[in-house]
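Written below as structure tokens is the structure these notes are about.
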Amino acid sequence: MKIIGLTGGIASGKSTVSNYLEALGFPVIDADLIAREIVEIGQPALEEIALTFGKQVLNEDGGLNRKALGEIVFSSEYLLKKLNRITHPRIINEITNRIELYRIKGKNSILFLDAALLIEMNMRKLVDEVWLVKVDQETQIRRLMNRDGFSVTEAKKRINAQMSMNEKEKYADVILDNNKGMDELYMQIQMQLARVTGNFSEG
Ligand SMILES: CC(C)(COP(=O)(O)OP(=O)(O)OC[C@H]1O[C@@H](n2cnc3c(N)ncnc32)[C@H](O)[C@@H]1O)[C@@H](O)C(=O)NCCC(=O)NCCS
Ligand SMILES: Nc1ncnc2c1ncn2[C@@H]1O[C@H](COP(=O)(O)OP(=O)(O)OP(=O)(O)O)[C@@H](O)[C@H]1O
């Protein structure tokens, strides 16, 4: 089995790439999805978050108020680190378990791991190669504002909470340039798949 890490800054286009890969039949582990599962109602991480940040980060039903918590942690490096200390070990643990499950299935296939914080969370060692989805900051801000309805200030705060694209490039084996249209992006993915699929089957 070959594991490929898919990373890139917020709104760089990782989900766009992983949706395309899934449509082609490749399995994808989505770190954002796991990050949501570990803070569902009843999960210990949610209790820790409520104890640390107060009731203001909970909705009336007791679920996580993502907007409220996002506003708090993306305005303070200190508080973001506090949140990361609660969530990151659990996310890494779940990702490691899922990779192990794929290994046990013993499929001679390619598995993708979509994780914005692959490098920051020290998960480079879990994958065989890294694909970085790259966009200019101007495009990134525009797409982030369009997708999430953020102001420029909010968009910049989130971008600044992550390692810079230039720094991430140092860890990348492959760079997917996502400044142009989807077709250009898909063509680059096809080229990389042609390189890596030699001995591997899909799915
Ligand atoms: C703070 C939270 C509640 C805000 O939720 P919201 O729905 O607004 O954002 P969402 O979870 O969809 O994340 C969107 C993007 O923000 C960026 N992001 C998320 N968490 C972080 C973080 N801790 N540090 C830097 N960037 C982050 C990523 O690029 C991610 O793809 C949420 O992001 C969260 O719980 N973060 C901590 C878990 C985490 O580190 N997730 C990333 C796993 S790779
Ligand atoms: N080549 C493209 N042309 C136009 N729009 C694009 C392109 N690629 C992605 N987008 C749009 O940009 C936004 C961000 O893309 P996407 O959600 O795939 O990013 P992401 O890296 O997964 O973000 P996050 O880190 O927040 O999970 C989305 O609205 C998506 O539809």
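Letters A, B, ... mark the chains of the structure tokens in the order given; residue numbers begin at 1 per chain; ligand numbers begin at 1, in order shown.
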All residues having an atom within 7 Å of ligand 2 (only C-alpha atoms and all ligand atoms) as a PDB file with C-alpha atoms, in the first residue's frame:
ATOM      1  CA  GLY A   8      -2.101  22.844   1.630  1.00  0.00           C
ATOM      2  CA  GLY A   9      -3.359  25.946   3.350  1.00  0.00           C
ATOM      3  CA  ILE A  10      -6.970  26.662   4.178  1.00  0.00           C
ATOM      4  CA  ALA A  11      -9.115  26.917   1.015  1.00  0.00           C
ATOM      5  CA  SER A  12      -6.197  25.905  -1.210  1.00  0.00           C
ATOM      6  CA  GLY A  13      -8.348  23.205  -2.809  1.00  0.00           C
ATOM      7  CA  LYS A  14      -7.602  20.003  -0.884  1.00  0.00           C
ATOM      8  CA  SER A  15     -11.250  18.916  -0.744  1.00  0.00           C
ATOM      9  CA  THR A  16     -11.601  19.674  -4.452  1.00  0.00           C
ATOM     10  CA  VAL A  17      -8.657  17.330  -5.098  1.00  0.00           C
ATOM     11  CA  ASP A  32     -11.243  17.652   8.948  1.00  0.00           C
ATOM     12  CA  ALA A 116      -4.383  20.777   6.156  1.00  0.00           C
ATOM     13  CA  ARG A 143     -11.921  31.733  -2.366  1.00  0.00           C
ATOM     14  CA  LEU A 144     -12.017  31.614   1.433  1.00  0.00           C
ATOM     15  CA  ASN A 146     -16.518  33.403  -1.054  1.00  0.00           C
ATOM     16  CA  ARG A 147     -16.825  29.944   0.479  1.00  0.00           C
ATOM     17  CA  ASN A 178      -4.517  25.457  -8.157  1.00  0.00           C
ATOM     18  CA  ASN A 179      -4.489  29.069  -9.308  1.00  0.00           C
ATOM     19  CA  LYS A 180      -6.309  28.283 -12.536  1.00  0.00           C
ATOM     20  CA  GLY A 181      -9.492  26.345 -13.281  1.00  0.00           C
ATOM     21  CA  MET A 182     -10.580  22.889 -12.136  1.00  0.00           C
ATOM     22  CA  LEU A 185      -6.042  21.003 -11.591  1.00  0.00           C
TER      23      LEU A 185
END
Next on the checklist: Around ligand 1, out to 8 Å and counting only C-alpha atoms and all ligand atoms, which residues are there? I want them as a PyMOL selection string.
Outcome noted: chain A and resi 8-11+31-32+34-36+39+64-71+73-74+80-81+83-84+87-88+91+114-118+121+158-159+161-162
Selection export as an mmCIF file, in the first residue's frame, atoms kept: N, CA and C atoms:
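Saved as result.cif:
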data_model
loop_
_atom_site.group_PDB
_atom_site.id
_atom_site.type_symbol
_atom_site.label_atom_id
_atom_site.label_comp_id
_atom_site.auth_asym_id
_atom_site.auth_seq_id
_atom_site.Cartn_x
_atom_site.Cartn_y
_atom_site.Cartn_z
ATOM 1 N N GLY A 8 -1.988 21.508 2.219
ATOM 2 C CA GLY A 8 -2.101 22.844 1.630
ATOM 3 C C GLY A 8 -2.832 23.728 2.604
ATOM 4 N N GLY A 9 -2.725 25.020 2.426
ATOM 5 C CA GLY A 9 -3.359 25.946 3.350
ATOM 6 C C GLY A 9 -4.881 25.865 3.275
ATOM 7 N N ILE A 10 -5.509 26.596 4.168
ATOM 8 C CA ILE A 10 -6.970 26.662 4.178
ATOM 9 C C ILE A 10 -7.461 27.181 2.813
ATOM 10 N N ALA A 11 -8.492 26.537 2.293
ATOM 11 C CA ALA A 11 -9.115 26.917 1.015
ATOM 12 C C ALA A 11 -8.158 26.873 -0.181
ATOM 13 N N ALA A 31 -8.957 14.434 7.408
ATOM 14 C CA ALA A 31 -8.636 14.847 8.781
ATOM 15 C C ALA A 31 -9.672 15.829 9.338
ATOM 16 N N ASP A 32 -10.227 16.701 8.480
ATOM 17 C CA ASP A 32 -11.243 17.652 8.948
ATOM 18 C C ASP A 32 -12.481 16.911 9.458
ATOM 19 N N ILE A 34 -12.569 13.830 10.658
ATOM 20 C CA ILE A 34 -12.209 13.186 11.933
ATOM 21 C C ILE A 34 -12.216 14.233 13.053
ATOM 22 N N ALA A 35 -11.701 15.441 12.727
ATOM 23 C CA ALA A 35 -11.677 16.518 13.729
ATOM 24 C C ALA A 35 -13.101 16.850 14.189
ATOM 25 N N ARG A 36 -14.072 16.681 13.299
ATOM 26 C CA ARG A 36 -15.474 16.938 13.679
ATOM 27 C C ARG A 36 -16.025 15.791 14.515
ATOM 28 N N VAL A 39 -15.264 15.688 18.343
ATOM 29 C CA VAL A 39 -15.881 16.692 19.229
ATOM 30 C C VAL A 39 -17.420 16.594 19.212
ATOM 31 N N LEU A 64 -20.983 21.507 19.832
ATOM 32 C CA LEU A 64 -19.958 22.538 19.710
ATOM 33 C C LEU A 64 -20.436 23.677 18.814
ATOM 34 N N ASN A 65 -20.283 24.909 19.309
ATOM 35 C CA ASN A 65 -20.565 26.085 18.489
ATOM 36 C C ASN A 65 -19.263 26.445 17.762
ATOM 37 N N ARG A 66 -19.125 25.938 16.556
ATOM 38 C CA ARG A 66 -17.860 26.029 15.817
ATOM 39 C C ARG A 66 -17.492 27.476 15.510
ATOM 40 N N LYS A 67 -18.516 28.267 15.210
ATOM 41 C CA LYS A 67 -18.257 29.667 14.876
ATOM 42 C C LYS A 67 -17.665 30.391 16.100
ATOM 43 N N ALA A 68 -18.297 30.159 17.262
ATOM 44 C CA ALA A 68 -17.827 30.830 18.485
ATOM 45 C C ALA A 68 -16.400 30.394 18.828
ATOM 46 N N LEU A 69 -16.136 29.085 18.759
ATOM 47 C CA LEU A 69 -14.794 28.601 19.099
ATOM 48 C C LEU A 69 -13.770 29.099 18.067
ATOM 49 N N GLY A 70 -14.167 29.104 16.788
ATOM 50 C CA GLY A 70 -13.274 29.593 15.729
ATOM 51 C C GLY A 70 -12.880 31.043 15.970
ATOM 52 N N GLU A 71 -13.866 31.859 16.346
ATOM 53 C CA GLU A 71 -13.574 33.280 16.590
ATOM 54 C C GLU A 71 -12.574 33.438 17.735
ATOM 55 N N VAL A 73 -10.277 31.037 18.945
ATOM 56 C CA VAL A 73 -8.927 30.464 18.770
ATOM 57 C C VAL A 73 -8.146 31.080 17.610
ATOM 58 N N PHE A 74 -8.865 31.566 16.587
ATOM 59 C CA PHE A 74 -8.115 32.157 15.478
ATOM 60 C C PHE A 74 -7.755 33.629 15.758
ATOM 61 N N LEU A 80 -5.310 28.935 20.543
ATOM 62 C CA LEU A 80 -5.312 27.919 19.480
ATOM 63 C C LEU A 80 -4.450 26.729 19.912
ATOM 64 N N LYS A 81 -3.305 27.034 20.536
ATOM 65 C CA LYS A 81 -2.430 25.950 21.021
ATOM 66 C C LYS A 81 -3.158 25.117 22.076
ATOM 67 N N LEU A 83 -6.372 24.598 22.262
ATOM 68 C CA LEU A 83 -7.332 23.736 21.562
ATOM 69 C C LEU A 83 -6.592 22.574 20.886
ATOM 70 N N ASN A 84 -5.471 22.890 20.250
ATOM 71 C CA ASN A 84 -4.710 21.844 19.558
ATOM 72 C C ASN A 84 -4.255 20.748 20.515
ATOM 73 N N THR A 87 -7.298 18.510 20.835
ATOM 74 C CA THR A 87 -7.794 17.801 19.644
ATOM 75 C C THR A 87 -6.719 16.989 18.908
ATOM 76 N N HIS A 88 -5.522 17.544 18.771
ATOM 77 C CA HIS A 88 -4.542 16.909 17.870
ATOM 78 C C HIS A 88 -4.145 15.473 18.236
ATOM 79 N N ILE A 91 -6.943 13.295 17.063
ATOM 80 C CA ILE A 91 -7.052 13.218 15.595
ATOM 81 C C ILE A 91 -5.958 12.283 15.050
ATOM 82 N N ASP A 114 -5.995 13.424 3.513
ATOM 83 C CA ASP A 114 -6.228 14.853 3.287
ATOM 84 C C ASP A 114 -6.145 15.574 4.638
ATOM 85 N N ALA A 115 -5.077 16.348 4.842
ATOM 86 C CA ALA A 115 -4.878 17.009 6.145
ATOM 87 C C ALA A 115 -4.205 18.366 5.955
ATOM 88 N N ALA A 116 -4.939 19.423 6.291
ATOM 89 C CA ALA A 116 -4.383 20.777 6.156
ATOM 90 C C ALA A 116 -3.118 20.926 7.001
ATOM 91 N N LEU A 117 -3.126 20.254 8.170
ATOM 92 C CA LEU A 117 -2.022 20.433 9.103
ATOM 93 C C LEU A 117 -1.085 19.226 9.133
ATOM 94 N N LEU A 118 -0.958 18.567 7.994
ATOM 95 C CA LEU A 118 -0.115 17.361 7.911
ATOM 96 C C LEU A 118 1.293 17.624 8.447
ATOM 97 N N MET A 121 1.289 19.054 12.261
ATOM 98 C CA MET A 121 0.955 18.030 13.259
ATOM 99 C C MET A 121 1.944 16.864 13.232
ATOM 100 N N ARG A 158 -7.079 33.265 9.714
ATOM 101 C CA ARG A 158 -7.024 31.804 9.572
ATOM 102 C C ARG A 158 -5.805 31.376 8.767
ATOM 103 N N ILE A 159 -5.493 32.158 7.743
ATOM 104 C CA ILE A 159 -4.308 31.829 6.932
ATOM 105 C C ILE A 159 -3.051 31.949 7.796
ATOM 106 N N ALA A 161 -2.750 31.460 10.892
ATOM 107 C CA ALA A 161 -2.672 30.439 11.953
ATOM 108 C C ALA A 161 -1.960 29.183 11.449
ATOM 109 N N GLN A 162 -1.628 29.158 10.152
ATOM 110 C CA GLN A 162 -0.996 27.964 9.577
ATOM 111 C C GLN A 162 0.404 28.291 9.078
#
Item to check | Sel. of strand (DSSP E) residues, range 5-185 of chain A, as a list in words | outcome: Gly5, Leu6, Thr7, Val28, Ile29, Asp30, Ile110, Leu111, Phe112, Leu113, Asp114, Glu129, Val130, Trp131, Leu132, Val133, Lys134, Val174, Ile175, Leu176 and Asp177 of chain A
Item to check | Shell of 10 Å around Ile189 in chain A, only C-alpha atoms, local chain residues under 2 positions omitted, as an MDAnalysis selection string | outcome: chainID A and resid 17 20:21 131 174:176 183:187 191:195
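Restricting the calculation to only C-alpha atoms, the smallest distance between Thr7 in chain A and any of A:Ala155, A:Gly63, A:Asp30, A:Ser76 is found for A:Asp30.
With only C-alpha atoms as the atoms that count, the residue of A:Val152, A:Ala45, A:Leu132, A:Met1 with the shortest distance to Gly106 in chain A is A:Met1.
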Item to check | range 6-169 of chain A: residues DSSP assigns to alpha helix (DSSP H), reported as a PyMOL selection string | outcome: chain A and resi 14-23+31-37+44-53+66-73+77-105+137-148+152-160+165-169
Output the selection as a short mmCIF file (atom, residue, chain, number, x, y, z; two decimals), in the first residue's frame - C-alpha atoms for each residue.
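again.cif, freshly written:
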data_model
loop_
_atom_site.label_atom_id
_atom_site.label_comp_id
_atom_site.auth_asym_id
_atom_site.auth_seq_id
_atom_site.Cartn_x
_atom_site.Cartn_y
_atom_site.Cartn_z
CA LYS A 14 -7.60 20.00 -0.88
CA SER A 15 -11.25 18.92 -0.74
CA THR A 16 -11.60 19.67 -4.45
CA VAL A 17 -8.66 17.33 -5.10
CA SER A 18 -9.86 14.63 -2.70
CA ASN A 19 -13.42 14.71 -4.10
CA TYR A 20 -11.96 14.11 -7.54
CA LEU A 21 -9.78 11.24 -6.23
CA GLU A 22 -12.78 9.67 -4.48
CA ALA A 23 -14.83 9.95 -7.66
CA ALA A 31 -8.64 14.85 8.78
CA ASP A 32 -11.24 17.65 8.95
CA LEU A 33 -14.01 15.05 9.15
CA ILE A 34 -12.21 13.19 11.93
CA ALA A 35 -11.68 16.52 13.73
CA ARG A 36 -15.47 16.94 13.68
CA GLU A 37 -16.18 13.39 14.88
CA PRO A 44 -14.39 13.49 26.00
CA ALA A 45 -12.72 16.13 23.78
CA LEU A 46 -15.92 18.19 23.78
CA GLU A 47 -16.06 18.09 27.57
CA GLU A 48 -12.44 19.26 27.78
CA ILE A 49 -13.15 22.06 25.32
CA ALA A 50 -16.16 23.22 27.37
CA LEU A 51 -14.08 23.16 30.57
CA THR A 52 -11.27 25.12 28.92
CA PHE A 53 -13.22 27.71 26.91
CA ARG A 66 -17.86 26.03 15.82
CA LYS A 67 -18.26 29.67 14.88
CA ALA A 68 -17.83 30.83 18.49
CA LEU A 69 -14.79 28.60 19.10
CA GLY A 70 -13.27 29.59 15.73
CA GLU A 71 -13.57 33.28 16.59
CA ILE A 72 -11.79 32.69 19.90
CA VAL A 73 -8.93 30.46 18.77
CA GLU A 77 -2.09 31.87 19.17
CA TYR A 78 -2.09 30.89 22.83
CA LEU A 79 -5.72 29.72 22.81
CA LEU A 80 -5.31 27.92 19.48
CA LYS A 81 -2.43 25.95 21.02
CA LYS A 82 -4.69 25.08 23.96
CA LEU A 83 -7.33 23.74 21.56
CA ASN A 84 -4.71 21.84 19.56
CA ARG A 85 -3.47 20.14 22.72
CA ILE A 86 -6.97 18.75 23.24
CA THR A 87 -7.79 17.80 19.64
CA HIS A 88 -4.54 16.91 17.87
CA PRO A 89 -3.51 13.78 19.82
CA ARG A 90 -7.02 12.37 19.30
CA ILE A 91 -7.05 13.22 15.60
CA ILE A 92 -3.61 11.64 15.07
CA ASN A 93 -4.67 8.55 17.00
CA GLU A 94 -7.80 8.09 14.89
CA ILE A 95 -5.90 8.65 11.63
CA THR A 96 -3.25 6.09 12.67
CA ASN A 97 -6.01 3.56 13.48
CA ARG A 98 -7.68 4.05 10.12
CA ILE A 99 -4.40 3.66 8.24
CA GLU A 100 -3.80 0.45 10.18
CA LEU A 101 -7.25 -0.83 9.18
CA TYR A 102 -6.44 -0.25 5.50
CA ARG A 103 -3.14 -2.09 6.00
CA ILE A 104 -4.92 -5.05 7.61
CA LYS A 105 -7.28 -5.21 4.63
CA GLN A 137 -2.48 34.28 -1.27
CA GLU A 138 -4.77 36.61 -3.23
CA THR A 139 -6.70 33.67 -4.74
CA GLN A 140 -6.73 31.89 -1.38
CA ILE A 141 -8.25 34.90 0.39
CA ARG A 142 -10.84 35.41 -2.38
CA ARG A 143 -11.92 31.73 -2.37
CA LEU A 144 -12.02 31.61 1.43
CA MET A 145 -14.16 34.75 1.63
CA ASN A 146 -16.52 33.40 -1.05
CA ARG A 147 -16.82 29.94 0.48
CA ASP A 148 -17.14 30.82 4.17
CA VAL A 152 -10.64 39.92 4.70
CA THR A 153 -9.50 40.20 8.33
CA GLU A 154 -11.09 36.88 9.32
CA ALA A 155 -9.65 35.16 6.24
CA LYS A 156 -6.15 36.48 6.97
CA LYS A 157 -6.35 35.39 10.62
CA ARG A 158 -7.02 31.80 9.57
CA ILE A 159 -4.31 31.83 6.93
CA ASN A 160 -1.82 33.21 9.47
CA MET A 165 2.84 28.04 1.77
CA ASN A 166 6.57 28.69 1.15
CA GLU A 167 7.53 26.79 4.28
CA LYS A 168 5.18 23.89 3.37
CA GLU A 169 6.76 23.68 -0.08
#
